[in-house]
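The next block is coords-v4.tsv, given as TSV, C-alpha atoms and all ligand atoms.
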chain	number	residue	atom	x	y	z
A	1346	MET	CA	-32.95	-93.84	-39.63
A	1347	SER	CA	-34.86	-97.12	-39.25
A	1348	GLN	CA	-38.27	-96.82	-37.66
A	1349	PHE	CA	-40.07	-99.25	-35.41
A	1350	HIS	CA	-43.29	-100.83	-36.70
A	1351	LYS	CA	-45.93	-102.56	-34.64
A	1352	LEU	CA	-46.23	-106.24	-35.57
A	1353	GLN	CA	-48.75	-108.62	-34.07
A	1354	VAL	CA	-47.60	-111.87	-32.50
A	1355	LEU	CA	-49.21	-114.83	-34.29
A	1356	GLU	CA	-47.87	-117.54	-32.02
A	1357	VAL	CA	-45.46	-118.16	-29.16
A	1358	ARG	CA	-44.37	-121.79	-29.30
A	1359	ARG	CA	-42.34	-123.42	-26.55
A	1360	GLU	CA	-39.31	-124.98	-28.18
A	1361	THR	CA	-37.35	-126.18	-25.12
A	1362	ALA	CA	-37.72	-125.53	-21.38
A	1363	ASP	CA	-35.63	-122.40	-21.90
A	1364	ALA	CA	-36.58	-121.19	-25.35
A	1365	VAL	CA	-39.59	-120.08	-27.35
A	1366	VAL	CA	-40.20	-119.42	-31.04
A	1367	VAL	CA	-42.18	-116.26	-31.74
A	1368	SER	CA	-43.99	-115.74	-35.07
A	1369	PHE	CA	-45.02	-112.29	-36.30
A	1370	ASP	CA	-47.67	-111.28	-38.76
A	1371	VAL	CA	-46.42	-108.80	-41.36
A	1372	PRO	CA	-49.20	-106.75	-42.98
A	1373	HIS	CA	-49.15	-106.40	-46.78
A	1374	ASN	CA	-48.07	-102.76	-46.71
A	1375	LEU	CA	-44.90	-103.74	-44.78
A	1376	TYR	CA	-43.87	-106.73	-46.90
A	1377	ASP	CA	-41.04	-104.86	-48.63
A	1378	THR	CA	-39.90	-103.21	-45.39
A	1379	PHE	CA	-39.57	-106.58	-43.68
A	1380	ASN	CA	-37.91	-108.34	-46.59
A	1381	TYR	CA	-34.73	-110.03	-45.32
A	1382	GLN	CA	-31.78	-112.23	-46.12
A	1383	ALA	CA	-31.18	-115.53	-44.34
A	1384	GLY	CA	-29.02	-114.72	-41.30
A	1385	GLN	CA	-30.27	-111.19	-40.53
A	1386	TYR	CA	-31.89	-110.08	-37.27
A	1387	LEU	CA	-34.81	-107.99	-35.99
A	1388	THR	CA	-34.57	-105.47	-33.17
A	1389	LEU	CA	-37.50	-105.47	-30.75
A	1390	ARG	CA	-38.45	-102.67	-28.37
A	1391	PHE	CA	-40.36	-103.22	-25.12
A	1392	GLN	CA	-41.40	-100.87	-22.34
A	1393	LEU	CA	-40.23	-102.70	-19.22
A	1394	GLY	CA	-39.86	-101.28	-15.72
A	1395	GLY	CA	-40.68	-97.80	-17.02
A	1396	GLU	CA	-37.88	-97.85	-19.58
A	1397	ALA	CA	-37.69	-98.54	-23.30
A	1398	VAL	CA	-35.36	-101.50	-23.89
A	1399	ARG	CA	-34.20	-102.92	-27.21
A	1400	ARG	CA	-32.81	-106.33	-28.01
A	1401	SER	CA	-31.88	-107.97	-31.30
A	1402	TYR	CA	-33.04	-111.47	-32.30
A	1403	SER	CA	-31.97	-113.31	-35.44
A	1404	LEU	CA	-34.63	-114.54	-37.80
A	1405	CYS	CA	-34.82	-118.32	-37.90
A	1406	SER	CA	-37.47	-118.42	-40.65
A	1407	CYS	CA	-36.67	-118.84	-44.34
A	1408	PRO	CA	-37.14	-115.74	-46.53
A	1409	HIS	CA	-37.81	-117.86	-49.62
A	1410	LEU	CA	-40.79	-119.71	-48.18
A	1411	GLU	CA	-44.27	-118.34	-47.56
A	1412	GLU	CA	-44.03	-118.27	-43.79
A	1413	PRO	CA	-44.30	-115.66	-41.04
A	1414	LEU	CA	-41.24	-113.96	-39.61
A	1415	GLN	CA	-39.92	-116.09	-36.77
A	1416	ILE	CA	-37.39	-115.57	-34.02
A	1417	GLY	CA	-36.14	-118.04	-31.41
A	1418	VAL	CA	-35.45	-116.61	-27.96
A	1419	LYS	CA	-33.47	-118.48	-25.33
A	1420	ARG	CA	-33.78	-117.39	-21.74
A	1421	VAL	CA	-30.65	-115.81	-20.23
A	1422	GLU	CA	-30.38	-116.13	-16.45
A	1423	GLY	CA	-31.58	-112.87	-14.91
A	1424	GLY	CA	-32.10	-111.42	-18.38
A	1425	LEU	CA	-34.76	-108.73	-18.69
A	1426	VAL	CA	-36.08	-109.19	-22.21
A	1427	SER	CA	-35.42	-112.88	-22.86
A	1428	ASN	CA	-37.39	-113.78	-19.71
A	1429	HIS	CA	-40.16	-111.34	-20.59
A	1430	ILE	CA	-40.50	-112.99	-24.00
A	1431	ASN	CA	-40.36	-116.51	-22.53
A	1432	GLU	CA	-42.82	-115.80	-19.72
A	1433	GLU	CA	-45.17	-113.00	-20.76
A	1434	LEU	CA	-45.41	-112.66	-24.52
A	1435	LYS	CA	-48.46	-114.27	-26.12
A	1436	ALA	CA	-50.36	-114.52	-29.39
A	1437	GLY	CA	-52.27	-111.33	-30.17
A	1438	ASP	CA	-49.74	-109.01	-28.45
A	1439	TRP	CA	-48.28	-106.15	-30.47
A	1440	VAL	CA	-44.51	-105.64	-30.46
A	1441	GLU	CA	-42.45	-102.74	-31.79
A	1442	VAL	CA	-40.04	-104.19	-34.35
A	1443	MET	CA	-37.33	-102.59	-36.46
A	1444	PRO	CA	-36.89	-103.87	-40.03
A	1445	PRO	CA	-34.33	-106.66	-40.58
A	1446	ASP	CA	-30.68	-105.69	-40.49
A	1447	GLY	CA	-27.23	-107.24	-40.22
A	1448	LYS	CA	-24.23	-108.22	-42.32
A	1449	PHE	CA	-24.29	-111.91	-41.42
A	1450	PHE	CA	-26.11	-113.53	-44.32
A	1451	ALA	CA	-25.63	-116.00	-47.13
A	1452	GLU	CA	-25.95	-114.68	-50.67
A	1453	VAL	CA	-27.92	-117.60	-52.03
A	1454	GLN	CA	-28.39	-118.14	-55.76
A	1455	ALA	CA	-29.99	-121.09	-57.52
A	1456	GLU	CA	-26.92	-121.73	-59.71
A	1457	ASN	CA	-24.45	-121.85	-56.77
A	1458	TYR	CA	-22.39	-124.99	-56.32
A	1459	LYS	CA	-20.90	-124.63	-52.84
A	1460	THR	CA	-20.17	-126.40	-49.59
A	1461	TYR	CA	-21.40	-124.47	-46.58
A	1462	TYR	CA	-19.90	-125.28	-43.20
A	1463	LEU	CA	-22.28	-124.11	-40.47
A	1464	PHE	CA	-21.13	-123.97	-36.84
A	1465	ALA	CA	-23.76	-123.13	-34.22
A	1466	ALA	CA	-23.91	-123.33	-30.44
A	1467	GLY	CA	-26.99	-122.87	-28.24
A	1468	SER	CA	-29.30	-120.09	-29.38
A	1469	GLY	CA	-26.75	-119.36	-32.12
A	1470	ILE	CA	-28.76	-121.86	-34.15
A	1471	THR	CA	-31.33	-119.19	-35.11
A	1472	PRO	CA	-29.57	-117.45	-38.05
A	1473	ILE	CA	-27.83	-120.72	-38.93
A	1474	LEU	CA	-31.20	-122.50	-39.27
A	1475	SER	CA	-32.40	-119.75	-41.59
A	1476	ILE	CA	-29.27	-120.10	-43.73
A	1477	LEU	CA	-29.52	-123.89	-43.68
A	1478	ARG	CA	-33.15	-123.96	-44.81
A	1479	THR	CA	-32.57	-121.26	-47.40
A	1480	VAL	CA	-29.58	-123.00	-48.97
A	1481	LEU	CA	-31.38	-126.35	-49.07
A	1482	THR	CA	-34.47	-124.71	-50.56
A	1483	THR	CA	-32.85	-122.52	-53.17
A	1484	GLU	CA	-29.50	-124.07	-54.12
A	1485	PRO	CA	-30.12	-127.63	-55.35
A	1486	ARG	CA	-26.43	-128.25	-56.12
A	1487	SER	CA	-24.98	-127.03	-52.80
A	1488	TYR	CA	-24.01	-129.10	-49.74
A	1489	VAL	CA	-24.26	-128.23	-46.06
A	1490	HIS	CA	-22.04	-129.63	-43.32
A	1491	MET	CA	-23.25	-128.54	-39.91
A	1492	LEU	CA	-21.87	-128.93	-36.38
A	1493	TYR	CA	-24.34	-127.89	-33.67
A	1494	GLY	CA	-23.29	-127.68	-30.03
A	1495	ASN	CA	-25.54	-127.81	-26.98
A	1496	ARG	CA	-25.26	-128.68	-23.31
A	1497	ALA	CA	-27.57	-131.71	-23.41
A	1498	GLN	CA	-30.19	-133.42	-25.55
A	1499	ASP	CA	-33.10	-131.45	-24.13
A	1500	SER	CA	-31.47	-128.08	-24.81
A	1501	ILE	CA	-31.28	-128.67	-28.59
A	1502	MET	CA	-33.46	-126.04	-30.24
A	1503	PHE	CA	-35.33	-127.01	-33.43
A	1504	LYS	CA	-34.48	-130.69	-32.97
A	1505	SER	CA	-37.51	-132.05	-34.84
A	1506	GLU	CA	-37.10	-129.53	-37.65
A	1507	LEU	CA	-33.44	-130.49	-38.03
A	1508	ASP	CA	-34.33	-134.19	-38.05
A	1509	ALA	CA	-36.86	-133.54	-40.81
A	1510	LEU	CA	-34.31	-131.60	-42.87
A	1511	GLU	CA	-31.79	-134.42	-42.47
A	1512	ALA	CA	-34.34	-136.96	-43.65
A	1513	ALA	CA	-35.43	-134.83	-46.61
A	1514	HIS	CA	-31.90	-133.89	-47.74
A	1515	ALA	CA	-29.80	-136.88	-46.71
A	1516	ASP	CA	-27.71	-136.54	-49.88
A	1517	ARG	CA	-26.78	-132.89	-49.23
A	1518	LEU	CA	-26.86	-132.33	-45.47
A	1519	ILE	CA	-24.47	-133.67	-42.85
A	1520	LEU	CA	-25.49	-132.70	-39.32
A	1521	VAL	CA	-23.49	-133.61	-36.24
A	1522	HIS	CA	-24.67	-132.74	-32.74
A	1523	SER	CA	-22.03	-132.01	-30.12
A	1524	LEU	CA	-23.19	-132.23	-26.50
A	1525	SER	CA	-20.99	-130.89	-23.72
A	1526	ARG	CA	-22.94	-132.54	-20.90
A	1527	PRO	CA	-25.24	-135.19	-22.36
A	1528	ASN	CA	-27.80	-136.01	-19.69
A	1529	SER	CA	-28.21	-139.66	-20.55
A	1530	SER	CA	-27.56	-141.71	-23.65
A	1531	TRP	CA	-28.07	-141.49	-27.40
A	1532	SER	CA	-31.11	-143.75	-27.07
A	1533	ASP	CA	-33.18	-140.88	-25.68
A	1534	LEU	CA	-33.19	-139.30	-29.08
A	1535	TRP	CA	-32.22	-141.81	-31.73
A	1536	THR	CA	-33.22	-145.37	-32.44
A	1537	SER	CA	-29.71	-146.77	-32.79
A	1538	GLU	CA	-26.26	-145.44	-32.00
A	1539	ALA	CA	-25.04	-146.18	-35.49
A	1540	ASP	CA	-28.07	-144.42	-36.85
A	1541	LYS	CA	-27.26	-141.09	-35.20
A	1542	PRO	CA	-24.28	-140.77	-32.92
A	1543	TYR	CA	-23.48	-137.46	-31.31
A	1544	ARG	CA	-20.14	-136.11	-30.31
A	1545	THR	CA	-19.40	-135.37	-26.68
A	1546	GLY	CA	-17.70	-132.08	-25.83
A	1547	ARG	CA	-17.82	-128.42	-26.68
A	1548	ILE	CA	-17.19	-126.94	-30.10
A	1549	ASP	CA	-13.50	-126.17	-29.69
A	1550	ALA	CA	-10.65	-126.02	-32.20
A	1551	GLU	CA	-10.15	-129.77	-32.01
A	1552	ALA	CA	-13.84	-130.49	-32.68
A	1553	VAL	CA	-13.82	-128.17	-35.69
A	1554	SER	CA	-10.68	-129.78	-37.16
A	1555	TRP	CA	-12.14	-133.23	-36.55
A	1556	PHE	CA	-15.40	-132.24	-38.24
A	1557	ILE	CA	-13.75	-130.80	-41.35
A	1558	ASN	CA	-11.35	-133.76	-41.68
A	1559	THR	CA	-14.15	-136.27	-41.22
A	1560	TYR	CA	-16.53	-134.48	-43.58
A	1561	PRO	CA	-14.39	-132.77	-46.24
A	1562	PRO	CA	-16.14	-130.45	-48.72
A	1563	TYR	CA	-17.83	-131.88	-51.81
A	1564	ALA	CA	-17.97	-128.65	-53.76
A	1565	GLN	CA	-14.63	-126.82	-53.54
A	1566	ASN	CA	-16.25	-123.37	-53.29
A	1567	VAL	CA	-16.55	-123.27	-49.50
A	1568	GLU	CA	-18.02	-120.76	-47.03
A	1569	TYR	CA	-18.04	-120.95	-43.24
A	1570	PHE	CA	-20.74	-119.46	-41.00
A	1571	ILE	CA	-20.31	-119.31	-37.22
A	1572	CYS	CA	-22.75	-118.22	-34.50
A	1573	GLY	CA	-22.43	-118.87	-30.78
A	1574	PRO	CA	-20.74	-117.61	-27.61
A	1575	GLY	CA	-17.45	-115.68	-27.86
A	1576	THR	CA	-15.17	-118.59	-26.95
A	1577	MET	CA	-16.84	-120.90	-29.47
A	1578	ILE	CA	-16.45	-118.25	-32.18
A	1579	ASP	CA	-12.78	-117.70	-31.29
A	1580	ASN	CA	-12.03	-121.44	-31.23
A	1581	THR	CA	-13.77	-122.09	-34.52
A	1582	ARG	CA	-12.04	-119.19	-36.21
A	1583	GLN	CA	-8.69	-120.37	-34.85
A	1584	ALA	CA	-9.24	-123.87	-36.30
A	1585	LEU	CA	-10.19	-122.39	-39.68
A	1586	LYS	CA	-7.15	-120.11	-39.70
A	1587	ALA	CA	-4.97	-123.16	-38.94
A	1588	ILE	CA	-6.05	-124.68	-42.25
A	1589	ASP	CA	-5.55	-121.37	-44.08
A	1590	VAL	CA	-9.18	-120.48	-44.68
A	1591	PRO	CA	-9.16	-116.89	-45.99
A	1592	ASP	CA	-10.98	-114.27	-43.86
A	1593	GLN	CA	-13.44	-113.41	-46.63
A	1594	ARG	CA	-14.84	-116.96	-46.50
A	1595	ILE	CA	-15.57	-116.80	-42.77
A	1596	PHE	CA	-18.82	-115.13	-41.60
A	1597	VAL	CA	-19.41	-114.58	-37.90
A	1598	GLU	CA	-22.37	-113.44	-35.80
A	1599	SER	CA	-22.03	-112.75	-32.09
A	1600	PHE	CA	-24.99	-112.41	-29.74
A	1601	GLY	CA	-22.96	-110.48	-27.14
A	1602	GLY	CA	-23.12	-111.39	-23.47
A	1603	ASP	CA	-19.35	-111.84	-23.20
A	1604	PRO	CA	-17.46	-110.22	-20.33
A	1605	ILE	CA	-17.04	-106.47	-20.78
A	1606	ASP	CA	-13.85	-104.51	-20.15
A	1607	THR	CA	-14.49	-102.63	-16.89
A	1608	SER	CA	-10.86	-101.59	-16.44
A	1609	ALA	CA	-11.70	-97.88	-16.84
A	1610	THR	CA	-14.21	-96.14	-14.58
A	1611	GLY	CA	-14.55	-92.97	-16.63
A	1612	VAL	CA	-14.84	-89.29	-15.77
A	1613	ALA	CA	-17.92	-88.21	-13.80
A	1614	ASN	CA	-20.18	-85.61	-15.40
A	1615	ALA	CA	-18.18	-85.07	-18.55
A	1616	GLN	CA	-19.55	-82.46	-20.96
A	1617	LEU	CA	-20.96	-84.05	-24.10
A	1618	THR	CA	-21.55	-82.25	-27.39
A	1619	ALA	CA	-23.27	-84.44	-30.01
A	1620	HIS	CA	-24.19	-83.62	-33.58
A	1621	LEU	CA	-27.22	-85.76	-34.27
A	1622	ASN	CA	-29.94	-85.49	-36.92
A	1623	GLY	CA	-28.88	-81.94	-37.79
A	1624	GLU	CA	-29.05	-80.82	-34.15
A	1625	THR	CA	-26.24	-79.88	-31.75
A	1626	ILE	CA	-26.94	-81.35	-28.32
A	1627	GLU	CA	-25.16	-80.28	-25.14
A	1628	THR	CA	-25.56	-82.48	-22.07
A	1629	ASN	CA	-23.69	-84.13	-19.19
A	1630	ILE	CA	-22.65	-87.78	-19.01
A	1631	PRO	CA	-23.40	-89.03	-15.48
A	1632	GLU	CA	-20.76	-91.32	-13.93
A	1633	GLY	CA	-20.77	-94.84	-15.37
A	1634	THR	CA	-23.14	-93.80	-18.18
A	1635	THR	CA	-22.44	-94.34	-21.85
A	1636	VAL	CA	-22.59	-91.64	-24.51
A	1637	LEU	CA	-25.69	-93.34	-25.93
A	1638	ARG	CA	-27.53	-93.51	-22.59
A	1639	ALA	CA	-26.64	-89.87	-21.81
A	1640	LEU	CA	-28.32	-88.81	-25.07
A	1641	ILE	CA	-31.38	-90.98	-24.39
A	1642	GLN	CA	-31.63	-89.55	-20.87
A	1643	ALA	CA	-31.51	-86.08	-22.45
A	1644	GLY	CA	-34.65	-87.03	-24.41
A	1645	LYS	CA	-32.87	-87.52	-27.75
A	1646	GLU	CA	-33.16	-90.40	-30.21
A	1647	PRO	CA	-29.70	-91.61	-31.22
A	1648	PRO	CA	-29.60	-94.67	-33.50
A	1649	TYR	CA	-29.01	-98.03	-31.78
A	1650	SER	CA	-30.19	-101.65	-31.71
A	1651	CYS	CA	-28.36	-104.27	-29.65
A	1652	GLU	CA	-26.72	-102.04	-26.98
A	1653	GLY	CA	-24.20	-104.85	-26.66
A	1654	GLY	CA	-21.33	-103.67	-28.87
A	1655	VAL	CA	-22.27	-106.09	-31.63
A	1656	CYS	CA	-24.31	-104.44	-34.37
A	1657	SER	CA	-22.58	-101.04	-34.90
A	1658	SER	CA	-25.85	-99.17	-35.48
A	1659	CYS	CA	-24.84	-96.73	-32.68
A	1660	ARG	CA	-21.55	-95.90	-34.41
A	1661	CYS	CA	-20.46	-92.25	-34.38
A	1662	LYS	CA	-17.21	-90.34	-34.79
A	1663	LEU	CA	-15.33	-89.00	-31.81
A	1664	THR	CA	-14.22	-85.47	-32.80
A	1665	GLU	CA	-12.80	-84.37	-29.43
A	1666	GLY	CA	-11.79	-86.07	-26.17
A	1667	LYS	CA	-11.25	-89.71	-25.28
A	1668	VAL	CA	-13.59	-92.58	-24.40
A	1669	HIS	CA	-13.25	-96.14	-23.18
A	1670	MET	CA	-15.21	-98.79	-25.11
A	1671	ARG	CA	-16.30	-101.56	-22.73
A	1672	ASN	CA	-16.89	-103.92	-25.61
A	1673	ASN	CA	-16.32	-103.81	-29.34
A	1674	LEU	CA	-17.39	-106.69	-31.52
A	1675	ALA	CA	-18.43	-104.44	-34.39
A	1676	LEU	CA	-15.72	-101.97	-35.41
A	1677	ASP	CA	-12.51	-103.09	-37.09
A	1678	ASP	CA	-9.08	-101.66	-36.25
A	1679	LYS	CA	-9.19	-99.26	-39.19
A	1680	GLU	CA	-12.50	-97.73	-38.08
A	1681	VAL	CA	-11.19	-97.33	-34.52
A	1682	GLU	CA	-8.05	-95.67	-35.89
A	1683	GLN	CA	-10.25	-93.28	-37.87
A	1684	GLY	CA	-11.96	-92.24	-34.62
A	1685	TYR	CA	-15.20	-94.19	-34.83
A	1686	ILE	CA	-16.71	-95.39	-31.56
A	1687	LEU	CA	-19.69	-97.45	-30.46
A	1688	SER	CA	-21.67	-94.92	-28.45
A	1689	CYS	CA	-23.51	-97.71	-26.59
A	1690	GLN	CA	-20.19	-98.91	-25.13
A	1691	SER	CA	-18.34	-95.62	-24.64
A	1692	ILE	CA	-17.77	-93.95	-21.31
A	1693	PRO	CA	-15.84	-90.65	-21.16
A	1694	LEU	CA	-12.17	-90.52	-20.18
A	1695	THR	CA	-11.90	-86.73	-20.58
A	1696	GLU	CA	-13.92	-83.77	-19.22
A	1697	ILE	CA	-15.06	-82.87	-22.73
A	1698	VAL	CA	-16.32	-85.35	-25.31
A	1699	LYS	CA	-17.61	-84.38	-28.76
A	1700	VAL	CA	-19.19	-86.81	-31.22
A	1701	ARG	CA	-20.82	-86.64	-34.62
A	1702	TYR	CA	-23.41	-89.20	-35.82
A	1801	LIG	C1	-27.32	-109.52	-33.66
A	1801	LIG	C2	-27.87	-110.27	-32.46
A	1801	LIG	C3	-28.72	-111.34	-32.67
A	1801	LIG	C4	-29.22	-112.05	-31.56
A	1801	LIG	N1	-30.04	-113.11	-31.80
A	1801	LIG	C5	-30.52	-113.82	-30.75
A	1801	LIG	C6	-31.36	-114.95	-30.98
A	1801	LIG	O1	-31.69	-115.28	-32.12
A	1801	LIG	N2	-31.82	-115.63	-29.90
A	1801	LIG	C7	-31.48	-115.28	-28.61
A	1801	LIG	O2	-31.97	-115.93	-27.67
A	1801	LIG	N3	-30.68	-114.20	-28.38
A	1801	LIG	C8	-30.21	-113.46	-29.41
A	1801	LIG	N4	-29.42	-112.38	-29.17
A	1801	LIG	C9	-29.16	-111.96	-27.77
A	1801	LIG	C10	-30.29	-111.01	-27.31
A	1801	LIG	O3	-30.26	-109.82	-28.07
A	1801	LIG	C11	-30.14	-110.60	-25.84
A	1801	LIG	O4	-28.85	-110.13	-25.62
A	1801	LIG	C12	-30.44	-111.74	-24.89
A	1801	LIG	O5	-31.78	-112.20	-25.09
A	1801	LIG	C13	-30.27	-111.28	-23.42
A	1801	LIG	O6	-31.11	-110.19	-23.19
A	1801	LIG	P1	-31.79	-109.97	-21.78
A	1801	LIG	O7	-32.50	-108.66	-21.78
A	1801	LIG	O8	-32.61	-111.17	-21.43
A	1801	LIG	O9	-30.55	-109.95	-20.81
A	1801	LIG	P2	-29.92	-108.67	-20.10
A	1801	LIG	O10	-30.89	-108.15	-19.08
A	1801	LIG	O11	-29.46	-107.72	-21.17
A	1801	LIG	O12	-28.64	-109.27	-19.42
A	1801	LIG	C14	-28.70	-110.07	-18.23
A	1801	LIG	C15	-27.40	-110.78	-18.03
A	1801	LIG	O13	-27.15	-111.72	-19.07
A	1801	LIG	C16	-25.93	-111.45	-19.75
A	1801	LIG	N5	-26.21	-111.59	-21.19
A	1801	LIG	C17	-26.72	-110.66	-22.02
A	1801	LIG	N6	-26.84	-111.15	-23.27
A	1801	LIG	C18	-26.42	-112.42	-23.23
A	1801	LIG	C19	-26.28	-113.44	-24.21
A	1801	LIG	N7	-26.60	-113.26	-25.50
A	1801	LIG	N8	-25.79	-114.63	-23.80
A	1801	LIG	C20	-25.43	-114.85	-22.50
A	1801	LIG	N9	-25.52	-113.91	-21.54
A	1801	LIG	C21	-26.01	-112.71	-21.90
A	1801	LIG	C22	-25.57	-110.02	-19.42
A	1801	LIG	O14	-24.17	-109.84	-19.42
A	1801	LIG	C23	-26.17	-109.85	-18.05
A	1801	LIG	O15	-25.29	-110.31	-17.07
A	1801	LIG	C24	-28.90	-111.66	-30.24
A	1801	LIG	C25	-28.04	-110.57	-30.05
A	1801	LIG	C26	-27.53	-109.88	-31.14
A	1801	LIG	C27	-26.62	-108.71	-30.90
A	1802	LIG	S1	-26.20	-100.54	-30.43
A	1802	LIG	FE1	-25.31	-102.33	-31.30
A	1802	LIG	S2	-23.19	-101.90	-31.11
A	1802	LIG	FE2	-24.11	-100.25	-30.10
Translate this file's structure into structure tokens.
Amino acid sequence: MSQFHKLQVLEVRRETADAVVVSFDVPHNLYDTFNYQAGQYLTLRFQLGGEAVRRSYSLCSCPHLEEPLQIGVKRVEGGLVSNHINEELKAGDWVEVMPPDGKFFAEVQAENYKTYYLFAAGSGITPILSILRTVLTTEPRSYVHMLYGNRAQDSIMFKSELDALEAAHADRLILVHSLSRPNSSWSDLWTSEADKPYRTGRIDAEAVSWFINTYPPYAQNVEYFICGPGTMIDNTRQALKAIDVPDQRIFVESFGGDPIDTSATGVANAQLTAHLNGETIETNIPEGTTVLRALIQAGKEPPYSCEGGVCSSCRCKLTEGKVHMRNNLALDDKEVEQGYILSCQSIPLTEIVKVRY
């Protein structure tokens, strides 16, 4: 099971009014442990309000450059951890961090000759920026076509870094900004409209089709990476399916935060038996509590990271009883059929629930 390591914060840089970029120092003895691929995420643990809380944040740094690990954190309204990071975290603080993880990454190789389509919205830029910089740094023959959606000019994260990349790689990078509610005109950001127009509107199926038609691939070996809110992911995927892009060429990362399925209330005080780390645990699941939280409340240490139904690190097998998963962005139909559940999303529907990790 992955362990947390204490990393020291080198810098907290304000990126926009609602987002900061946090850099971590990785000591020499943890270099291998914190090795990562462009697109992967870290899981951070904080003690807040007397409770240990974990959240995942994608790395926005480039693994092929000599630079500290960096994450970009956008404030979520009323959000516990994102506001803590935006308001309280400072250079010199120590944070508990789990080594990089995640299946959303680009397998970069110097000899690749590909076109990468990158679709990002809001804070979904973080893993996309890492992939963008890594491809441009390590694959001299590859092209990147990127559509980046934000509400307005001043909510664009990494604007100056993106401008610099565009200037340095004008022959290989096409970047189009899409603003759903631009707060004034193009002249706030660019010197002439012809020089850098942006598109108005959200990233929906029509925007994706327009983008691909307007900027067709140079290299015919094409991969598509998508990161943003649920509707943006669904719309982008739908547009790609409409032009027959095969599933294995589409890579998706969700940050969670989408509405959960609260249609089932669950059974109060169900009896839980869990086989975990060679131990058999017997405990109750209080009403409205997930299998994962029941185990944590019983003083146990089940595996988990995002607690949002996204990462699947809390996956276990249901061996008896029934549960309702409030959210599932991680398990495919086959895994669900085989009895796997996300313990962080599962509330009991029967008096007895048995699981095996
Ligand atoms: C693999 C992965 C990578 C991630 N990478 C990043 C990243 O690079 N940058 C980043 O800023 N965030 C990222 N997130 C989201 C992050 O983990 C937290 O979910 C987010 O910061 C909100 O946490 P919170 O404690 O502030 O909010 P909470 O206290 O958990 O939630 C408060 C309210 O906000 C809603 N909410 C929770 N999460 C989101 C969300 N992501 N979007 C909108 N509403 C939400 C909840 O439904 C709730 O109503 C990532 C998530 C995952 C699973
Ligand atoms: S902890 Fe990430 S899906 Fe459950």
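Here the question is which of A:Phe1600, A:Trp1555, A:Tyr1462, A:Tyr1376 gets nearest to ligand LIG 1802 (chain A) using all atoms listed in the file, and that residue is A:Phe1600.
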*Identify which of the residues A:Cys1407, A:Leu1375, A:Ala1564, A:Val1398 lies closest to ligand LIG 1802 (chain A), counting only C-alpha atoms and all ligand atoms when measuring atom-to-atom distances.*
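Once distances to ligand LIG 1802 (chain A) are computed over only C-alpha atoms and all ligand atoms, the minimum belongs to A:Val1398.
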*Once you count only C-alpha atoms and all ligand atoms, which residues end up within 7 Å of ligand LIG 1802 (chain A), and could you hand them over as a ChimeraX atom specification?*
/A:1649-1660,1675,1687-1690
_Surroundings of ligand LIG 1801 (chain A) up to 9 Å, based on all atoms listed in the file, as an MDAnalysis selection string_ = chainID A and resid 1364:1365 1385:1389 1398:1405 1416:1430 1446:1447 1449 1467:1472 1573:1574 1598:1605 1650:1656
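Rounded to one decimal, CA of Asp1363 in chain A and CA of Met1502 in chain A lie 9.4 Å from each other.
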